[in-house]
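Chemist: One structure follows; several queries about it will come next.
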Protein chains: 2
Amino acid sequence: MTETLPEFDLDRYLPYRLTVIAARLSADLAKQYKAKHGISIAEWRVLLNLGYSGEVSVRDIERRVSLDKSKVSRAATRLEAEGYITKAVDEGDRRLLKLALTEKGIEVLHELIPIAVAYQRELERTLGPQTEALQAALDILMDGSG
Amino acid sequence: MTETLPEFDLDRYLPYRLTVIAARLSADLAKQYKAKHGISIAEWRVLLNLGYSGEVSVRDIERRVSLDKSKVSRAATRLEAEGYITKAVDEGDRRLLKLALTEKGIEVLHELIPIAVAYQRELERTLGPQTEALQAALDILMDGSG
DNA sequence: CATATTTTGTTGCAATCGCAACGAAGTCAA
DNA sequence: TTGACTTCGTTGCGATTGCAACAAAATATG
């Protein structure tokens, strides 16, 4: 039966490989900071963006992080409820929402970022000299299909 | 505010980058074969595994494809309902389910595989000589955190 | 042998997802 | 200005998700 099918090498098939590896890394890492605080991946991405982009809107995050706007919106609602961020209407353009970190949000980032940094270092150590090649390839893929 | 946070480069952060790119590639591709047939990503992975591994159990697929067993189970149920695969109890170990492609399943693979192959070729063309480096890096990551 | 423990696949359930629809606000053109 | 169109964030909804609980079967332990 198998021999009637076209040749196909699943083990080198990039959409599949990337999905498997990405899911594994994210889950791996999520365990670490989910255990410390109740932060989900989406919430973590939003916090991170606020931390390094200053005040941003839902739309900004959606674009930057490839997260559906409803996902960003709901993550932001949860983060606000927990006191990590504030929401405020942008007076310049009242459709926009200005999201900003609270003190508590900054504190939690101070705890979570080192975890992320350590994980990244670990990956880079594992990859060794291949790290740069990987990043370069990802650069190409990021441009290629955007 | 930003300057009080530890340094962190989101744009080179691998768990994040890999997730974004993997999701983009998969969605991109899923559109193509979802349009042709009603096949989801999970179903597609199961079909592919059956095509190239002969008879396998739910557990085999779970291990090989990093898909939760409930996801595999439900995908298999749908595939059986649509006539793409058969389920049969393994008489050697009656806990195991032997999944196998039907003629119709083989046919659909004949249509879908060329789409996947073309997409992979396109990616490899875009990556050019970086393709090998990327695959090598993924090999390392696959081992590293398993 | 009996009976605990492990493995396999399914299912119940609450949480989450992405998409589409929507109201509010802004922009554009006549 | 008015009215059509676009943009932004929220929400409703059905589908999907992952986890835990479960029954059936196999295996290990006594």
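Residue names in the structure tokens use chain letters A, B, ... in the order shown, residue numbers from 1 in each chain, and ligand numbers from 1 in the order shown.
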Find the residues around B:Arg121 up to 12 Å (only C-alpha atoms (C1' of nucleotides) counted), leave out those fewer than 6 positions away in its own chain, and share them as a list in words.

Modeler: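 Near B:Arg121, the qualifying residues are Phe8, Arg12, Tyr13, Leu14 and Pro15 of chain A; Pro114, Ile115, Leu127, Gly128 and Thr131 of chain B.
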
Chemist: Keeping C-alpha atoms for every residue in the selection just given, could you write it to a file as a PDB file, in the first residue's frame?

Modeler:
ATOM      1  CA  PHE A   8       7.191  12.315   0.989  1.00  0.00           C
ATOM      2  CA  ARG A  12      11.888  17.003   7.027  1.00  0.00           C
ATOM      3  CA  TYR A  13       8.545  18.614   6.353  1.00  0.00           C
ATOM      4  CA  LEU A  14       8.940  22.111   7.701  1.00  0.00           C
ATOM      5  CA  PRO A  15       5.366  23.125   8.603  1.00  0.00           C
TER       6      PRO A  15
ATOM      7  CA  PRO B 114       1.528  17.063  -4.049  1.00  0.00           C
ATOM      8  CA  ILE B 115       0.204  20.214  -2.397  1.00  0.00           C
ATOM      9  CA  LEU B 127      15.526  29.465   2.111  1.00  0.00           C
ATOM     10  CA  GLY B 128      18.042  28.473  -0.517  1.00  0.00           C
ATOM     11  CA  THR B 131      17.629  25.045   4.256  1.00  0.00           C
TER      12      THR B 131
END

Chemist: For chain A, which residues have at least one atom within 12 Å of chain C, if we go by only C-alpha atoms (C1' of nucleotides)? Write them as a PDB file with N, CA and C atoms, in the first residue's frame, please.

Modeler:
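Listed below is the output, result-v8.pdb:
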ATOM      1  N   SER A  40      -1.084  32.952  31.351  1.00  0.00           N
ATOM      2  CA  SER A  40      -1.135  32.121  30.148  1.00  0.00           C
ATOM      3  C   SER A  40      -0.162  32.663  29.103  1.00  0.00           C
ATOM      4  N   ILE A  41       0.000  31.921  28.033  1.00  0.00           N
ATOM      5  CA  ILE A  41       0.922  32.347  26.983  1.00  0.00           C
ATOM      6  C   ILE A  41       0.491  33.675  26.373  1.00  0.00           C
ATOM      7  N   ALA A  42      -0.798  33.784  26.081  1.00  0.00           N
ATOM      8  CA  ALA A  42      -1.284  35.021  25.474  1.00  0.00           C
ATOM      9  C   ALA A  42      -1.039  36.213  26.410  1.00  0.00           C
ATOM     10  N   LEU A  67      -1.316  37.626  17.114  1.00  0.00           N
ATOM     11  CA  LEU A  67      -2.359  37.114  17.997  1.00  0.00           C
ATOM     12  C   LEU A  67      -3.668  37.731  17.521  1.00  0.00           C
ATOM     13  N   ASP A  68      -4.700  36.911  17.401  1.00  0.00           N
ATOM     14  CA  ASP A  68      -6.000  37.436  17.001  1.00  0.00           C
ATOM     15  C   ASP A  68      -6.426  38.541  17.968  1.00  0.00           C
ATOM     16  N   LYS A  69      -7.090  39.567  17.435  1.00  0.00           N
ATOM     17  CA  LYS A  69      -7.429  40.711  18.285  1.00  0.00           C
ATOM     18  C   LYS A  69      -8.373  40.326  19.412  1.00  0.00           C
ATOM     19  N   SER A  70      -9.228  39.337  19.175  1.00  0.00           N
ATOM     20  CA  SER A  70     -10.118  38.922  20.264  1.00  0.00           C
ATOM     21  C   SER A  70      -9.310  38.261  21.381  1.00  0.00           C
ATOM     22  N   LYS A  71      -8.261  37.586  20.989  1.00  0.00           N
ATOM     23  CA  LYS A  71      -7.411  36.948  21.981  1.00  0.00           C
ATOM     24  C   LYS A  71      -6.676  38.017  22.795  1.00  0.00           C
ATOM     25  N   ARG A  74      -9.212  39.688  25.143  1.00  0.00           N
ATOM     26  CA  ARG A  74      -9.574  38.914  26.333  1.00  0.00           C
ATOM     27  C   ARG A  74      -8.396  38.782  27.294  1.00  0.00           C
ATOM     28  N   ALA A  75      -7.208  38.653  26.736  1.00  0.00           N
ATOM     29  CA  ALA A  75      -6.036  38.600  27.608  1.00  0.00           C
ATOM     30  C   ALA A  75      -5.921  39.912  28.375  1.00  0.00           C
ATOM     31  N   VAL A  89      -8.859  55.026  27.287  1.00  0.00           N
ATOM     32  CA  VAL A  89      -9.201  55.474  25.938  1.00  0.00           C
ATOM     33  C   VAL A  89      -8.168  56.503  25.487  1.00  0.00           C
ATOM     34  N   ASP A  90      -7.730  56.352  24.246  1.00  0.00           N
ATOM     35  CA  ASP A  90      -6.813  57.312  23.648  1.00  0.00           C
ATOM     36  C   ASP A  90      -7.610  58.547  23.248  1.00  0.00           C
ATOM     37  N   GLU A  91      -7.283  59.684  23.858  1.00  0.00           N
ATOM     38  CA  GLU A  91      -8.085  60.877  23.586  1.00  0.00           C
ATOM     39  C   GLU A  91      -7.855  61.422  22.182  1.00  0.00           C
ATOM     40  N   GLY A  92      -6.715  61.072  21.608  1.00  0.00           N
ATOM     41  CA  GLY A  92      -6.442  61.509  20.244  1.00  0.00           C
ATOM     42  C   GLY A  92      -7.319  60.774  19.231  1.00  0.00           C
ATOM     43  N   ASP A  93      -7.460  59.478  19.450  1.00  0.00           N
ATOM     44  CA  ASP A  93      -8.328  58.661  18.586  1.00  0.00           C
ATOM     45  C   ASP A  93      -9.112  57.744  19.506  1.00  0.00           C
ATOM     46  N   ARG A  94     -10.360  58.113  19.737  1.00  0.00           N
ATOM     47  CA  ARG A  94     -11.129  57.449  20.785  1.00  0.00           C
ATOM     48  C   ARG A  94     -11.516  56.003  20.457  1.00  0.00           C
ATOM     49  N   ARG A  95     -11.142  55.524  19.270  1.00  0.00           N
ATOM     50  CA  ARG A  95     -11.351  54.102  19.006  1.00  0.00           C
ATOM     51  C   ARG A  95     -10.255  53.279  19.678  1.00  0.00           C
ATOM     52  N   LEU A  96      -9.118  53.913  19.851  1.00  0.00           N
ATOM     53  CA  LEU A  96      -7.953  53.186  20.366  1.00  0.00           C
ATOM     54  C   LEU A  96      -7.963  53.075  21.878  1.00  0.00           C
ATOM     55  N   LEU A  97      -7.396  51.964  22.335  1.00  0.00           N
ATOM     56  CA  LEU A  97      -7.267  51.722  23.757  1.00  0.00           C
ATOM     57  C   LEU A  97      -5.781  51.791  24.076  1.00  0.00           C
TER      58      LEU A  97
END

Chemist: Could you list, with a cut-off of 10 Å and counting only C-alpha atoms (C1' of nucleotides), the residues of chain D near chain A, each shown with its nearest atom pair and the distance in Å rounded to one decimal, rows sorted by chain and ascending number, as JSON lines?

Modeler:
{"residue": "D:DT7", "atom": "C1'", "partner": "A:Arg95", "partner_atom": "CA", "distance": 8.1}
{"residue": "D:DC8", "atom": "C1'", "partner": "A:Arg95", "partner_atom": "CA", "distance": 5.4}
{"residue": "D:DG9", "atom": "C1'", "partner": "A:Ser73", "partner_atom": "CA", "distance": 7.0}
{"residue": "D:DT10", "atom": "C1'", "partner": "A:Ser73", "partner_atom": "CA", "distance": 7.5}
{"residue": "D:DT11", "atom": "C1'", "partner": "A:Ser70", "partner_atom": "CA", "distance": 8.9}

Chemist: Output the selection as a PDB file, in the first residue's frame - C-alpha atoms (C1' of nucleotides) for each residue.

Modeler:
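Output file selection_1.pdb follows:
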ATOM      1  C1'  DT D   7     -10.889  50.927  11.590  1.00  0.00           C
ATOM      2  C1'  DC D   8     -10.871  49.380  16.432  1.00  0.00           C
ATOM      3  C1'  DG D   9     -12.130  46.656  20.287  1.00  0.00           C
ATOM      4  C1'  DT D  10     -15.731  43.610  22.256  1.00  0.00           C
ATOM      5  C1'  DT D  11     -18.786  39.885  22.255  1.00  0.00           C
TER       6       DT D  11
END

Chemist: Hey, what does DSSP flag as alpha helix (DSSP H) within chain A? Can you give it to me as JSON, numbers by chain?

Modeler: {"A": [14, 15, 16, 17, 18, 19, 20, 21, 22, 23, 24, 25, 26, 27, 28, 29, 30, 31, 32, 33, 34, 35, 36, 41, 42, 43, 44, 45, 46, 47, 48, 49, 50, 51, 52, 53, 58, 59, 60, 61, 62, 63, 64, 65, 69, 70, 71, 72, 73, 74, 75, 76, 77, 78, 79, 80, 81, 103, 104, 105, 106, 107, 108, 109, 110, 111, 112, 113, 114, 115, 116, 117, 118, 119, 120, 121, 122, 123, 124, 125, 126, 127, 130, 131, 132, 133, 134, 135, 136, 137, 138, 139, 140, 141, 142, 143, 144]}

Chemist: With C-alpha atoms kept, could you save the residues just selected as a compact mmCIF listing (two decimals), in the first residue's frame?

Modeler:
# COMPACT_ATOMS: atom_id res chain seq x y z
CA LEU A 14 8.94 22.11 7.70
CA PRO A 15 5.37 23.12 8.60
CA TYR A 16 5.10 19.97 10.62
CA ARG A 17 8.52 20.14 12.26
CA LEU A 18 8.20 23.76 13.21
CA THR A 19 4.77 23.21 14.71
CA VAL A 20 5.90 20.29 16.81
CA ILE A 21 8.99 22.02 18.10
CA ALA A 22 7.29 25.34 18.74
CA ALA A 23 4.51 23.68 20.70
CA ARG A 24 7.01 21.76 22.74
CA LEU A 25 9.12 24.78 23.61
CA SER A 26 6.12 26.92 24.47
CA ALA A 27 4.50 24.28 26.64
CA ASP A 28 7.79 23.59 28.34
CA LEU A 29 8.23 27.20 29.20
CA ALA A 30 4.61 27.91 30.02
CA LYS A 31 4.80 25.34 32.78
CA GLN A 32 7.47 27.38 34.45
CA TYR A 33 5.69 30.69 34.62
CA LYS A 34 2.21 29.29 34.86
CA ALA A 35 3.39 27.61 38.02
CA LYS A 36 4.71 30.87 39.45
CA ILE A 41 0.92 32.35 26.98
CA ALA A 42 -1.28 35.02 25.47
CA GLU A 43 -1.13 37.10 28.66
CA TRP A 44 2.62 36.71 28.79
CA ARG A 45 3.00 37.95 25.22
CA VAL A 46 0.84 40.96 25.93
CA LEU A 47 2.77 41.84 29.07
CA LEU A 48 6.05 41.50 27.24
CA ASN A 49 4.91 43.79 24.48
CA LEU A 50 3.81 46.41 26.93
CA GLY A 51 7.10 46.14 28.72
CA TYR A 52 9.13 46.89 25.65
CA SER A 53 6.85 49.04 23.56
CA VAL A 58 -4.82 46.10 20.97
CA ARG A 59 -4.23 46.53 17.28
CA ASP A 60 -0.50 47.15 17.77
CA ILE A 61 -0.16 43.93 19.68
CA GLU A 62 -2.24 41.98 17.23
CA ARG A 63 0.12 43.01 14.43
CA ARG A 64 3.32 42.53 16.31
CA VAL A 65 2.63 39.20 17.93
CA LYS A 69 -7.43 40.71 18.28
CA SER A 70 -10.12 38.92 20.26
CA LYS A 71 -7.41 36.95 21.98
CA VAL A 72 -5.52 40.11 22.80
CA SER A 73 -8.70 41.76 23.98
CA ARG A 74 -9.57 38.91 26.33
CA ALA A 75 -6.04 38.60 27.61
CA ALA A 76 -6.05 42.32 28.31
CA THR A 77 -9.33 42.02 30.19
CA ARG A 78 -7.92 39.30 32.40
CA LEU A 79 -4.70 41.21 32.97
CA GLU A 80 -6.62 44.30 33.96
CA ALA A 81 -8.82 42.32 36.34
CA GLU A 103 3.49 48.65 39.14
CA LYS A 104 2.30 45.14 39.77
CA GLY A 105 2.67 44.36 36.08
CA ILE A 106 6.23 45.62 36.11
CA GLU A 107 6.97 43.52 39.15
CA VAL A 108 5.70 40.36 37.55
CA LEU A 109 7.77 41.03 34.45
CA HIS A 110 10.80 41.36 36.70
CA GLU A 111 10.13 37.84 37.85
CA LEU A 112 9.17 36.31 34.52
CA ILE A 113 11.77 37.78 32.23
CA PRO A 114 14.69 36.06 33.93
CA ILE A 115 12.93 32.76 33.42
CA ALA A 116 12.54 33.51 29.72
CA VAL A 117 16.12 34.69 29.42
CA ALA A 118 17.42 31.58 31.11
CA TYR A 119 15.40 29.41 28.80
CA GLN A 120 16.68 31.23 25.74
CA ARG A 121 20.26 30.86 26.98
CA GLU A 122 19.70 27.17 27.46
CA LEU A 123 18.45 26.86 23.91
CA GLU A 124 21.38 28.83 22.57
CA ARG A 125 23.77 26.66 24.51
CA THR A 126 22.16 23.55 23.06
CA LEU A 127 22.30 24.97 19.56
CA GLN A 130 23.94 26.79 14.88
CA THR A 131 22.05 29.50 16.73
CA GLU A 132 22.88 32.17 14.21
CA ALA A 133 21.98 29.97 11.25
CA LEU A 134 18.61 29.24 12.80
CA GLN A 135 17.88 32.88 13.47
CA ALA A 136 18.88 33.78 9.93
CA ALA A 137 16.61 31.11 8.49
CA LEU A 138 13.74 32.33 10.64
CA ASP A 139 14.35 35.85 9.40
CA ILE A 140 13.88 34.60 5.87
CA LEU A 141 10.71 32.70 6.68
CA MET A 142 9.31 35.67 8.56
CA ASP A 143 9.72 37.91 5.53
CA GLY A 144 8.87 35.29 2.96

Chemist: Just list as a compact mmCIF listing (two decimals) with N, CA and C atoms, in the first residue's frame whatever in chain B DSSP marks as strand (DSSP E or B).

Modeler:
# COMPACT_ATOMS: atom_id res chain seq x y z
N VAL B 56 -0.99 1.50 12.28
CA VAL B 56 -0.49 2.04 13.53
C VAL B 56 -1.63 2.21 14.52
N ILE B 85 -10.42 6.10 6.65
CA ILE B 85 -9.65 5.07 7.35
C ILE B 85 -10.58 4.03 7.96
N THR B 86 -10.01 2.93 8.38
CA THR B 86 -10.76 1.92 9.13
C THR B 86 -10.11 1.75 10.49
N LYS B 87 -10.94 1.36 11.45
CA LYS B 87 -10.45 1.03 12.78
C LYS B 87 -10.70 -0.45 13.02
N ALA B 88 -9.72 -1.13 13.59
CA ALA B 88 -9.93 -2.54 13.92
C ALA B 88 -9.16 -2.88 15.18
N VAL B 89 -9.75 -3.69 16.02
CA VAL B 89 -9.06 -4.09 17.25
C VAL B 89 -7.88 -4.99 16.89
N LEU B 97 -5.72 -0.25 18.83
CA LEU B 97 -6.58 -0.07 17.68
C LEU B 97 -5.68 -0.01 16.46
N LYS B 98 -6.00 -0.81 15.46
CA LYS B 98 -5.22 -0.72 14.23
C LYS B 98 -5.92 0.22 13.27
N LEU B 99 -5.26 1.32 12.98
CA LEU B 99 -5.82 2.27 12.02
C LEU B 99 -5.19 1.98 10.66
N ALA B 100 -6.00 2.02 9.63
CA ALA B 100 -5.48 1.77 8.29
C ALA B 100 -6.25 2.59 7.26
N LEU B 101 -5.57 2.99 6.20
CA LEU B 101 -6.19 3.77 5.14
C LEU B 101 -7.14 2.90 4.32

Chemist: Pick from B:Asp11, B:His37, B:Tyr84, B:Leu5: nearest to chain A, with only C-alpha atoms counted?

Modeler: B:Leu5
